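**Q** Have a look at this one before I ask anything.
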Amino acid sequence: MASDVIDPHINPPSDSNEAPLTLDQAPPKTLGMLDQSAFWANLGVSLLGFSGALTLLDPTGSGVTLTFAAAILATVVGSLIGTAMVGLAAVPGAQTGRPSMVLLRGLFGARLSYVPSLLNTVQMIGWGAFELWVIANGAQAIFGTAVPYPVWVLLGGVITVALTIWPLGSIRLLRRFVTAGVVVAMIWLTVALIRQGPSLGGGSWAGFVPAVDYVIALSVSWVPMAADFTRHSRSPRAAFGGVFVGYSIAQVACLGLGVIALALVGNDDTKVWGAFVAAPLGALFFGILVLRETDQSFANTYSTTMSLQNLMPRVDRRIISVTVGVVISALALVADVTAYTAFLALIGAVFVPMFAVLTVDYFVLRGMARWDTRERAPSRWLMLLPWVLGFVTWWLVAALPEVPWWRSLWRSARAALGFAPQPWMSAALAAFLVAAVVTLVVAPLDRRLRPAG
C-alpha cells in the first residue's frame, strides 16, 4: 500500500506561513535547522530540570547520591541516547508532513492509533499542568506571594494558548528573541553559582544506570510530539539535526546546573530555585528562564491538540487548543508534583518500546514505502504485541516508583518468573531491544496476513 503523503497542490495550506487548521491541509515547510535547533534547545532547559536533578543524583530513592562525575556522565549518555530517539522519531514527520499520532496510523492502523493518541493526550496534559505549576512557583520565587499563585497560573495559561494559536510564528519568535537571552542567563547563573564554591565531592556510582534511564525518560517524553513540529521542517536532515543538537546540549547544561545548585542547598529540591534568585542579578536571569518556561507548556498544549486532531481531523485546532489550555490551567491549580518521578517512569515505559516498534518497522523493514496514514487505515493488531512486551520488560527491569500497588504487582511478576534485575541493567535499553527484536518477527508476519489493497 502506498504511503499517504499530503499533496500540497491538492490540499494547499490555508496560510503559507502558519500551521494549517485541520489535518486535510498540507503543512508549510518553513522551519530550517536553526529554527528547530533553537526551539529544541529551549525545550531542553526547564525549571523542572533544576529541581529534578535530585532524581538524577538519587534515582532509586536510596539516599545514596551519585558523584558529580557520575551524574554528569549519566546526563551525557542518557541525553545522547534519548535525544537520538527523539531525532529519529522526528524524521517521518518531515518526510510525510504528518503529525506524530497520525503517523501511528501506519504502525497500528487508524482505530488502534487512538490508543497512543489518548495516552499522549494524558501525558501532555500532565506535562502542561506541571509546567504552569513551575511558571507560577518560579514567579513567586522571584516576587514573593503578593501576587497569588492562581493569578500566575492563569497568566501562564493565557500566554500558552496564545503561543499555540500561532505555533510556527511562536517558534520563529523564540529563535529571534528568546534563545539568546536563555543562553546568556544560563552562562551567567552557572558562573555565579560555581563562584559560591558548591561542595561537589563524595557520592557513589551505584545508581549510574537508573540515572541514565531517568535522563532517557526525560528525553523520550518528547518522542510522541516530535513530528508535530518537524512536519514543518524543510528537510529530514534539518529535523533530526535540530532535535539532536539543540536538545541534547541544552539538557546536559540544564541538569548539570541543577546539580550545582542542589549542592549549594544541601540537595533540598524545595530550595533549589532560591539558589538562583540569591545569586548576583539572579532574579533577573532566573526571570528570563521563568518567562521562557511558557514554551514548554506551549509545546505540550500544541501536541495535545495534534493528538486530539487524530481523533477529530476536521475540527479547528484553535478550538481544541483553547479547550486544552483551560484544562491544564485548572489542573495546575491542584497539581501534585510529588508524582513527577513516577510520571516520568510511566512515560518511558510506554513510549520507549513504542518508538522501537516504529523505528524497526518504518526504517529497518522499509515500511516507509507503504506507510498508510489514511483515516481508514486497517488495524494491525499484531503490532501491539512488541509494544506490550517492551512495556512489560521495562517494569521487570526498572527501579519501581513509590506507588504501593504498582510496586507490589511487578515484584510479584519478578518472583513468578524467578527474575531479579541487576544494577547494570537498563530498563530503557532492555525495553527497546525486546520491542525491536519482536517487531522484526511480527511486522513481516503482519504484512503477509493482511489482505492486499
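Please note that chains go A, B, ... in the order of the C-alpha cells, that every chain numbers its residues from 1, and that ligands are numbered from 1 in the order shown.
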Residues near Leu400 of chain A, anyone? I mean within 12 Å using only C-alpha atoms, not counting same-chain ones fewer than 2 positions away, as a ChimeraX atom specification.
**A** /A:59-62,210,341-346,349,394-398,402-411,414,421,427
**Q** For those residues, write C-alpha atoms to a file as a PDB file, in the first residue's frame.
**A**
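Everything below was put into selection34.pdb:
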ATOM      1  CA  PRO A  59      17.335   7.800  41.017  1.00  0.00           C
ATOM      2  CA  THR A  60      16.411   4.884  43.296  1.00  0.00           C
ATOM      3  CA  GLY A  61      15.490   6.990  46.324  1.00  0.00           C
ATOM      4  CA  SER A  62      18.046   5.146  48.464  1.00  0.00           C
ATOM      5  CA  PRO A 210      18.987   4.095  36.813  1.00  0.00           C
ATOM      6  CA  THR A 341       9.231  10.826  39.108  1.00  0.00           C
ATOM      7  CA  ALA A 342       6.583   8.103  38.791  1.00  0.00           C
ATOM      8  CA  PHE A 343       5.076  10.085  35.919  1.00  0.00           C
ATOM      9  CA  LEU A 344       8.397  10.087  34.047  1.00  0.00           C
ATOM     10  CA  ALA A 345       8.828   6.354  34.574  1.00  0.00           C
ATOM     11  CA  LEU A 346       5.392   5.717  33.094  1.00  0.00           C
ATOM     12  CA  ALA A 349       7.733   2.578  29.825  1.00  0.00           C
ATOM     13  CA  TRP A 394      10.650  -2.017  31.281  1.00  0.00           C
ATOM     14  CA  TRP A 395       8.881  -2.722  34.578  1.00  0.00           C
ATOM     15  CA  LEU A 396      10.607  -6.058  35.111  1.00  0.00           C
ATOM     16  CA  VAL A 397      13.962  -4.257  34.996  1.00  0.00           C
ATOM     17  CA  ALA A 398      13.227  -0.709  36.214  1.00  0.00           C
ATOM     18  CA  GLU A 402       6.732   4.594  45.333  1.00  0.00           C
ATOM     19  CA  VAL A 403       3.240   3.521  44.299  1.00  0.00           C
ATOM     20  CA  PRO A 404       2.397   0.558  46.598  1.00  0.00           C
ATOM     21  CA  TRP A 405       0.019  -1.452  44.396  1.00  0.00           C
ATOM     22  CA  TRP A 406       2.184  -0.967  41.278  1.00  0.00           C
ATOM     23  CA  ARG A 407       5.367  -1.901  43.140  1.00  0.00           C
ATOM     24  CA  SER A 408       3.671  -5.000  44.568  1.00  0.00           C
ATOM     25  CA  LEU A 409       2.396  -6.065  41.126  1.00  0.00           C
ATOM     26  CA  TRP A 410       5.810  -6.046  39.497  1.00  0.00           C
ATOM     27  CA  ARG A 411       7.591  -7.562  42.458  1.00  0.00           C
ATOM     28  CA  ARG A 414       9.509 -10.892  39.072  1.00  0.00           C
ATOM     29  CA  PRO A 421      17.130  -7.123  37.946  1.00  0.00           C
ATOM     30  CA  ALA A 427      15.154  -0.612  31.691  1.00  0.00           C
TER      31      ALA A 427
END
**Q** Given the choices A:Val243, A:Val178, A:Val357, A:Val184, which gets closest to Met33 of chain A if the distance is worked out from only C-alpha atoms?
**A**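 Closest residue, counting only C-alpha atoms: A:Val243.
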**Q** Select, from A:Arg237, A:Gly242, A:Val441, A:Phe208, the residue with the minimum atom-to-atom distance to Trp424 of chain A, counting only C-alpha atoms.
**A** A:Phe208
**Q** Can you tell me, as a compact mmCIF listing (two decimals) with C-alpha atoms, in the first residue's frame, what residues are no more than 12 Å from Ala69 of chain A when counting only C-alpha atoms, ignoring any on the same chain fewer than 2 positions away?
**A**
# COMPACT_ATOMS: atom_id res chain seq x y z
CA LEU A 57 21.55 12.21 41.77
CA THR A 65 23.70 10.10 45.71
CA LEU A 66 25.89 9.84 42.65
CA THR A 67 29.27 11.51 42.47
CA ALA A 71 25.84 12.42 37.43
CA ILE A 72 27.31 14.41 34.53
CA LEU A 73 28.29 11.26 32.62
CA ALA A 74 24.81 9.79 33.16
CA THR A 75 23.36 13.04 31.82
CA VAL A 76 25.54 12.95 28.71
CA LEU A 200 30.72 18.53 44.68
CA GLY A 201 32.78 15.79 46.36
CA GLY A 202 31.72 12.39 47.62
CA GLY A 203 28.99 10.10 46.41
CA SER A 204 28.77 6.76 44.65
CA TRP A 205 28.46 5.23 41.18
CA PHE A 208 24.51 5.21 37.48
CA GLY A 256 24.42 19.98 35.23
CA VAL A 259 23.29 19.51 40.28
CA ILE A 260 25.48 22.54 41.09
**Q** Atom CA of Leu80 of chain A to atom CA of Ile171 of chain A: how many Å, to one decimal?
**A**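 One can read the atom CA of Leu80 of chain A to atom CA of Ile171 of chain A distance as 23.5 Å.
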**Q** Near segment 358-371 of chain A, counting only C-alpha atoms, which residues have an atom at most 12 Å away, once you skip same-chain residues fewer than 4 positions from it, shown as a PyMOL selection string?
**A** chain A and resi 1-5+84-93+95-96+98+100-110+223-224+351-354+377-378+383-384+386-387+432-447+452-453
**Q** When DSSP is applied to the backbone of this structure, which of segment 161-204 of chain A are assigned alpha helix (DSSP H)? Write them out as a list in words.
**A**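 After running DSSP on the backbone, segment 161-204 of chain A has alpha helix (DSSP H) at Val161, Ala162, Leu163, Thr164, Ile165, Pro167, Leu168, Gly169, Ser170, Ile171, Arg172, Leu173, Thr179, Ala180, Gly181, Val182, Val183, Val184, Ala185, Met186, Ile187, Trp188, Leu189, Thr190, Val191, Ala192, Leu193 and Ile194 of chain A.
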**Q** Those residues you just picked out, can you put them in a file as a PDB file, in the first residue's frame with C-alpha atoms?
**A**
ATOM      1  CA  VAL A 161      -2.847  29.388  24.470  1.00  0.00           C
ATOM      2  CA  ALA A 162      -1.745  32.496  22.544  1.00  0.00           C
ATOM      3  CA  LEU A 163       1.503  30.764  21.505  1.00  0.00           C
ATOM      4  CA  THR A 164      -0.427  27.654  20.490  1.00  0.00           C
ATOM      5  CA  ILE A 165      -2.792  29.565  18.216  1.00  0.00           C
ATOM      6  CA  PRO A 167       2.682  27.750  16.579  1.00  0.00           C
ATOM      7  CA  LEU A 168       5.088  28.443  13.712  1.00  0.00           C
ATOM      8  CA  GLY A 169       5.161  32.143  14.475  1.00  0.00           C
ATOM      9  CA  SER A 170       5.905  31.266  18.094  1.00  0.00           C
ATOM     10  CA  ILE A 171       8.878  29.099  17.088  1.00  0.00           C
ATOM     11  CA  ARG A 172      10.288  31.926  14.978  1.00  0.00           C
ATOM     12  CA  LEU A 173       9.714  34.317  17.881  1.00  0.00           C
ATOM     13  CA  THR A 179      17.074  31.821  22.746  1.00  0.00           C
ATOM     14  CA  ALA A 180      19.909  34.356  23.083  1.00  0.00           C
ATOM     15  CA  GLY A 181      18.507  35.524  26.418  1.00  0.00           C
ATOM     16  CA  VAL A 182      18.308  31.940  27.660  1.00  0.00           C
ATOM     17  CA  VAL A 183      21.932  31.249  26.664  1.00  0.00           C
ATOM     18  CA  VAL A 184      23.146  34.386  28.461  1.00  0.00           C
ATOM     19  CA  ALA A 185      21.057  33.576  31.540  1.00  0.00           C
ATOM     20  CA  MET A 186      22.382  30.001  31.724  1.00  0.00           C
ATOM     21  CA  ILE A 187      26.008  31.133  31.405  1.00  0.00           C
ATOM     22  CA  TRP A 188      25.592  33.906  33.968  1.00  0.00           C
ATOM     23  CA  LEU A 189      23.875  31.649  36.515  1.00  0.00           C
ATOM     24  CA  THR A 190      26.406  28.848  36.039  1.00  0.00           C
ATOM     25  CA  VAL A 191      29.355  31.168  36.684  1.00  0.00           C
ATOM     26  CA  ALA A 192      27.596  32.835  39.624  1.00  0.00           C
ATOM     27  CA  LEU A 193      26.790  29.537  41.339  1.00  0.00           C
ATOM     28  CA  ILE A 194      30.229  27.989  40.763  1.00  0.00           C
TER      29      ILE A 194
END
**Q** If we count only C-alpha atoms and set the cut-off at 12 Å, which residues sit around Val245 of chain A, ignoring sequence neighbours fewer than 5 positions away in its own chain? Please answer as a ChimeraX atom specification.
**A** /A:33-42,44,79-80,83-84,86-87,237-240,250-252
**Q** Go ahead and save the picked residues with C-alpha atoms, as a PDB file, in the first residue's frame.
**A**
ATOM      1  CA  MET A  33      17.859  23.811  11.015  1.00  0.00           C
ATOM      2  CA  LEU A  34      18.380  26.993  13.039  1.00  0.00           C
ATOM      3  CA  ASP A  35      14.678  27.377  13.851  1.00  0.00           C
ATOM      4  CA  GLN A  36      14.457  23.809  15.088  1.00  0.00           C
ATOM      5  CA  SER A  37      17.742  23.824  16.987  1.00  0.00           C
ATOM      6  CA  ALA A  38      16.671  26.948  18.878  1.00  0.00           C
ATOM      7  CA  PHE A  39      13.228  25.518  19.586  1.00  0.00           C
ATOM      8  CA  TRP A  40      14.556  22.228  20.923  1.00  0.00           C
ATOM      9  CA  ALA A  41      17.302  23.957  22.893  1.00  0.00           C
ATOM     10  CA  ASN A  42      14.613  25.975  24.653  1.00  0.00           C
ATOM     11  CA  GLY A  44      15.894  21.241  26.837  1.00  0.00           C
ATOM     12  CA  SER A  79      20.797  12.637  26.630  1.00  0.00           C
ATOM     13  CA  LEU A  80      22.628  11.233  23.610  1.00  0.00           C
ATOM     14  CA  THR A  83      17.701  12.593  22.035  1.00  0.00           C
ATOM     15  CA  ALA A  84      18.744  10.290  19.190  1.00  0.00           C
ATOM     16  CA  VAL A  86      13.560  11.845  19.544  1.00  0.00           C
ATOM     17  CA  GLY A  87      15.518  12.834  16.437  1.00  0.00           C
ATOM     18  CA  ARG A 237      18.188  16.123   7.943  1.00  0.00           C
ATOM     19  CA  ALA A 238      17.274  19.507   9.430  1.00  0.00           C
ATOM     20  CA  ALA A 239      14.597  17.806  11.548  1.00  0.00           C
ATOM     21  CA  PHE A 240      16.983  15.253  13.046  1.00  0.00           C
ATOM     22  CA  ALA A 250      20.594  22.139  26.449  1.00  0.00           C
ATOM     23  CA  GLN A 251      19.535  19.190  28.595  1.00  0.00           C
ATOM     24  CA  VAL A 252      23.103  18.426  29.680  1.00  0.00           C
TER      25      VAL A 252
END
